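Everything below concerns the one structure shown next.
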Amino acid sequence: MPWTAAAPLWTAGLILAVAPLAASKGTHLWDPWLARLGAGGATWFAVMLLARRIGSPLPLVAGFSGMCILAVEAFPRGWVLSAAAVAAATSYGLLGMVMTRPAAGLRSLREAALAMVFGLAGAVAVTGYDVGVRPYRVRMVVLALTLTAALVLAWRLGQGLRSLGRRGTACIVGAVVVLVATVGYVQAIRHWGPEQVLGTLTGTNGTIRDWLGASPRPIEALVGFPAVVWGVAVRNRRRQGWWMSAFGSLAAAGVATSLAQRSVALREVAESTGYGFVIGCALGLVLVGLDRLLTGLDRRSRVAGGADTERPEPARVASLV
């Protein structure tokens, strides 16, 4: 597929999909069916690019996904639109993983910015379906689906668990434990926590909002964006970085669900995403520094072209397998 020619059509789909978002702010642009068509087109292009990167059969994927998009347009029921929105957010989340390339130093921040751009595009596509959803539930479903698919891709692209090593395995297991514990703790507090704890958390969140104007979303700031930066830096030297990049998919997927709650102001969403990006990138650079320190790469090994030698990957829009 000539991706340079597809880019304007992709952009046009995202522009059409923005209509429901504008309508929620009091501006009518065009009819909802046209917005759904744009969101469907933007989702289709995302699926096609994802299929291209992971080596899936493009004709089969194009035909099947195209029929699904037409079904969404022909039967715009609530559950159909919700499923399409989840599929769009998940696809863009995975693009935030597979579209990155190995990068060292501050160049890794460019890859994190690219993941954020895909997440923002996914957020526009999700709003284009114009369906009322439960934001927290949709967010958890999208993050779970994205991480599961990303780990499967990491297994394939990273050549299985043998590329991890002991420290890599410990890092991945630790990341899963922290992620599950964080989500489980928040859920427990939301449903069964004492009023005093809930009041403390609400007060802390309010204080952060007063200081910054918005509070960063923890999963993107503490897991997603740091994993993007760390992953592309490790991939610059060895395949093990794909396992870190799998957790980086949570950055784009999280951003893609940021507009699901229509009552949240656009300014707050933008600030929350921006703060999460800055905090995540800073934490990611710290992780890269610690990783290199623990790896023990000295100047002699770099001159000898050892583990610090750059590992090539296919071009950004080429197949990875």
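Every chain in the structure tokens has a letter given in the order shown (A, B, ...), and although residue numbers restart at 1 in each chain, ligands are simply numbered from 1 in the order shown.
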Closest atom pairs, stretch 83-143 of chain A residues within 12 Å of stretch 55-67 of chain A, only C-alpha atoms, as a Markdown table:
```
| residue | atom | partner | partner_atom | distance |
| --- | --- | --- | --- | --- |
| A:Ala84 | CA | A:Ser65 | CA | 10.7 |
| A:Ala87 | CA | A:Ser65 | CA | 10.5 |
| A:Ala88 | CA | A:Ser65 | CA | 11.3 |
| A:Ser91 | CA | A:Ser65 | CA | 11.8 |
| A:Val98 | CA | A:Gly55 | CA | 11.4 |
```
Could you dump the residues just selected with N, CA, C and O atoms as a compact mmCIF listing (two decimals), in the first residue's frame?
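Listing of out-v7.txt after writing:
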```
# COMPACT_ATOMS: atom_id res chain seq x y z
N ALA A 84 -16.58 -1.11 18.39
CA ALA A 84 -15.74 -0.43 17.41
C ALA A 84 -14.80 0.56 18.09
O ALA A 84 -13.63 0.69 17.71
N ALA A 87 -12.05 -1.38 19.72
CA ALA A 87 -11.13 -1.87 18.69
C ALA A 87 -10.23 -0.76 18.18
O ALA A 87 -9.02 -0.97 17.95
N ALA A 88 -10.78 0.44 18.01
CA ALA A 88 -9.99 1.58 17.54
C ALA A 88 -8.91 1.94 18.56
O ALA A 88 -7.73 2.11 18.21
N SER A 91 -6.19 -0.74 18.63
CA SER A 91 -5.33 -0.70 17.44
C SER A 91 -4.32 0.44 17.52
O SER A 91 -3.13 0.25 17.23
N VAL A 98 4.47 -0.75 17.91
CA VAL A 98 5.19 -1.29 16.74
C VAL A 98 5.73 -0.21 15.81
O VAL A 98 6.60 -0.50 14.99
```
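Residues surrounding stretch 225-239 of chain A within 6 Å are Pro102, Ala103, Ala104, Ser108, Ala112, Gly158, Glu220, Met244, Ser245, Phe247, Gly248, Ala251, Gly280, Cys281, Leu283, Gly284, Val288, Asp308, Thr309, Glu310 and Arg311 of chain A [only C-alpha atoms; sequence separation below 5 positions excluded].
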Just write the chosen residues, N, CA, C and O atoms, as a PDB file, in the first residue's frame.
```
ATOM      1  N   PRO A 102      14.316   1.663  17.245  1.00  0.00           N
ATOM      2  CA  PRO A 102      15.390   1.770  18.240  1.00  0.00           C
ATOM      3  C   PRO A 102      15.987   3.172  18.255  1.00  0.00           C
ATOM      4  O   PRO A 102      16.197   3.789  17.206  1.00  0.00           O
ATOM      5  N   ALA A 103      16.247   3.677  19.439  1.00  0.00           N
ATOM      6  CA  ALA A 103      16.795   5.027  19.572  1.00  0.00           C
ATOM      7  C   ALA A 103      17.558   5.117  20.882  1.00  0.00           C
ATOM      8  O   ALA A 103      17.168   4.507  21.881  1.00  0.00           O
ATOM      9  N   ALA A 104      18.634   5.869  20.857  1.00  0.00           N
ATOM     10  CA  ALA A 104      19.458   6.053  22.045  1.00  0.00           C
ATOM     11  C   ALA A 104      19.411   7.509  22.490  1.00  0.00           C
ATOM     12  O   ALA A 104      19.157   8.414  21.689  1.00  0.00           O
ATOM     13  N   SER A 108      15.214   8.901  21.996  1.00  0.00           N
ATOM     14  CA  SER A 108      14.132   8.045  22.477  1.00  0.00           C
ATOM     15  C   SER A 108      12.896   8.866  22.827  1.00  0.00           C
ATOM     16  O   SER A 108      11.775   8.350  22.777  1.00  0.00           O
ATOM     17  N   ALA A 112       8.756   8.389  22.003  1.00  0.00           N
ATOM     18  CA  ALA A 112       7.670   8.557  22.975  1.00  0.00           C
ATOM     19  C   ALA A 112       6.647   9.565  22.463  1.00  0.00           C
ATOM     20  O   ALA A 112       5.429   9.379  22.632  1.00  0.00           O
ATOM     21  N   GLY A 158      10.510 -10.507  19.871  1.00  0.00           N
ATOM     22  CA  GLY A 158      11.672 -10.671  20.738  1.00  0.00           C
ATOM     23  C   GLY A 158      12.220 -12.073  20.755  1.00  0.00           C
ATOM     24  O   GLY A 158      13.097 -12.389  21.558  1.00  0.00           O
ATOM     25  N   GLU A 220      -0.121   5.927  32.310  1.00  0.00           N
ATOM     26  CA  GLU A 220       0.719   6.487  31.257  1.00  0.00           C
ATOM     27  C   GLU A 220       2.011   7.080  31.815  1.00  0.00           C
ATOM     28  O   GLU A 220       3.094   6.886  31.253  1.00  0.00           O
ATOM     29  N   MET A 244       9.906  -4.557  26.939  1.00  0.00           N
ATOM     30  CA  MET A 244       9.629  -3.270  27.568  1.00  0.00           C
ATOM     31  C   MET A 244       8.670  -2.455  26.705  1.00  0.00           C
ATOM     32  O   MET A 244       7.752  -1.795  27.208  1.00  0.00           O
ATOM     33  N   SER A 245       8.872  -2.517  25.384  1.00  0.00           N
ATOM     34  CA  SER A 245       7.998  -1.770  24.471  1.00  0.00           C
ATOM     35  C   SER A 245       6.552  -2.253  24.553  1.00  0.00           C
ATOM     36  O   SER A 245       5.627  -1.488  24.285  1.00  0.00           O
ATOM     37  N   PHE A 247       4.913  -2.939  27.239  1.00  0.00           N
ATOM     38  CA  PHE A 247       4.285  -2.123  28.276  1.00  0.00           C
ATOM     39  C   PHE A 247       4.175  -0.667  27.823  1.00  0.00           C
ATOM     40  O   PHE A 247       3.315   0.077  28.302  1.00  0.00           O
ATOM     41  N   GLY A 248       5.016  -0.270  26.882  1.00  0.00           N
ATOM     42  CA  GLY A 248       4.903   1.067  26.319  1.00  0.00           C
ATOM     43  C   GLY A 248       3.635   1.269  25.523  1.00  0.00           C
ATOM     44  O   GLY A 248       3.182   2.408  25.331  1.00  0.00           O
ATOM     45  N   ALA A 251       0.884   3.462  26.922  1.00  0.00           N
ATOM     46  CA  ALA A 251       0.900   4.919  26.805  1.00  0.00           C
ATOM     47  C   ALA A 251      -0.086   5.378  25.736  1.00  0.00           C
ATOM     48  O   ALA A 251      -0.970   6.201  25.993  1.00  0.00           O
ATOM     49  N   GLY A 280       6.683  10.741  32.440  1.00  0.00           N
ATOM     50  CA  GLY A 280       7.054   9.424  31.932  1.00  0.00           C
ATOM     51  C   GLY A 280       8.393   9.428  31.220  1.00  0.00           C
ATOM     52  O   GLY A 280       9.203   8.509  31.394  1.00  0.00           O
ATOM     53  N   CYS A 281       8.642  10.453  30.417  1.00  0.00           N
ATOM     54  CA  CYS A 281       9.923  10.523  29.701  1.00  0.00           C
ATOM     55  C   CYS A 281      11.085  10.707  30.673  1.00  0.00           C
ATOM     56  O   CYS A 281      12.149  10.105  30.507  1.00  0.00           O
ATOM     57  N   LEU A 283      11.191   9.738  33.817  1.00  0.00           N
ATOM     58  CA  LEU A 283      11.379   8.457  34.497  1.00  0.00           C
ATOM     59  C   LEU A 283      12.016   7.434  33.568  1.00  0.00           C
ATOM     60  O   LEU A 283      12.864   6.636  33.979  1.00  0.00           O
ATOM     61  N   GLY A 284      11.625   7.463  32.287  1.00  0.00           N
ATOM     62  CA  GLY A 284      12.213   6.547  31.322  1.00  0.00           C
ATOM     63  C   GLY A 284      13.708   6.762  31.147  1.00  0.00           C
ATOM     64  O   GLY A 284      14.479   5.790  31.061  1.00  0.00           O
ATOM     65  N   VAL A 288      16.720   4.112  31.783  1.00  0.00           N
ATOM     66  CA  VAL A 288      17.761   3.810  30.794  1.00  0.00           C
ATOM     67  C   VAL A 288      19.148   3.948  31.429  1.00  0.00           C
ATOM     68  O   VAL A 288      20.031   3.099  31.223  1.00  0.00           O
ATOM     69  N   ASP A 308      26.953  -2.706  22.947  1.00  0.00           N
ATOM     70  CA  ASP A 308      26.437  -1.365  22.715  1.00  0.00           C
ATOM     71  C   ASP A 308      26.286  -1.046  21.236  1.00  0.00           C
ATOM     72  O   ASP A 308      25.906   0.051  20.871  1.00  0.00           O
ATOM     73  N   THR A 309      26.627  -1.992  20.363  1.00  0.00           N
ATOM     74  CA  THR A 309      26.495  -1.771  18.936  1.00  0.00           C
ATOM     75  C   THR A 309      25.021  -1.634  18.559  1.00  0.00           C
ATOM     76  O   THR A 309      24.188  -2.393  19.041  1.00  0.00           O
ATOM     77  N   GLU A 310      24.712  -0.668  17.708  1.00  0.00           N
ATOM     78  CA  GLU A 310      23.317  -0.447  17.320  1.00  0.00           C
ATOM     79  C   GLU A 310      22.793  -1.653  16.555  1.00  0.00           C
ATOM     80  O   GLU A 310      23.449  -2.201  15.676  1.00  0.00           O
ATOM     81  N   ARG A 311      21.586  -2.066  16.899  1.00  0.00           N
ATOM     82  CA  ARG A 311      20.942  -3.202  16.256  1.00  0.00           C
ATOM     83  C   ARG A 311      19.929  -2.673  15.253  1.00  0.00           C
ATOM     84  O   ARG A 311      18.991  -1.968  15.637  1.00  0.00           O
TER      85      ARG A 311
END
```
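Shell of A:Gly254 at 10 Å, with only C-alpha atoms counted and residues fewer than 2 places along the chain excluded, is Ala89, Thr90, Tyr92, Gly93, Met116, Gly119, Leu120, Gly122, Ala123, Arg139, Met140, Val142, Leu143, Thr146, Arg217, Pro218, Ile219, Glu220, Ala221, Gly224, Ser249, Leu250, Ala251, Ala252, Ala256, Thr257, Ser258, Leu259 and Thr273 of chain A.
Of the listed residues (A:Leu153, A:Ala35, A:Met48, A:Val180), A:Ala35 comes nearest to A:Glu73; the distances count only C-alpha atoms.
With only C-alpha atoms taken into account, the protein and nucleic acid residues at most 9 Å from stretch 17-29 of chain A (excluding it and anything under 3 positions from it in its own chain) are Ala12, Gly13, Leu14, Pro32, Leu34, Ala35, Arg36, Leu37, Gly38, Ala39, Gly40, Ala42, Val124, Ala125, Val126, Thr127, Gly128, Tyr129, Asp130, Leu259, Arg262, Ser263 and Ala265 of chain A.
One finds atom CA of A:Ala150 at 4.8 Å from atom CA of A:Ala246.
Separating atom CA of A:Pro216 from atom CA of A:Gly274 is a distance of 7.8 Å.
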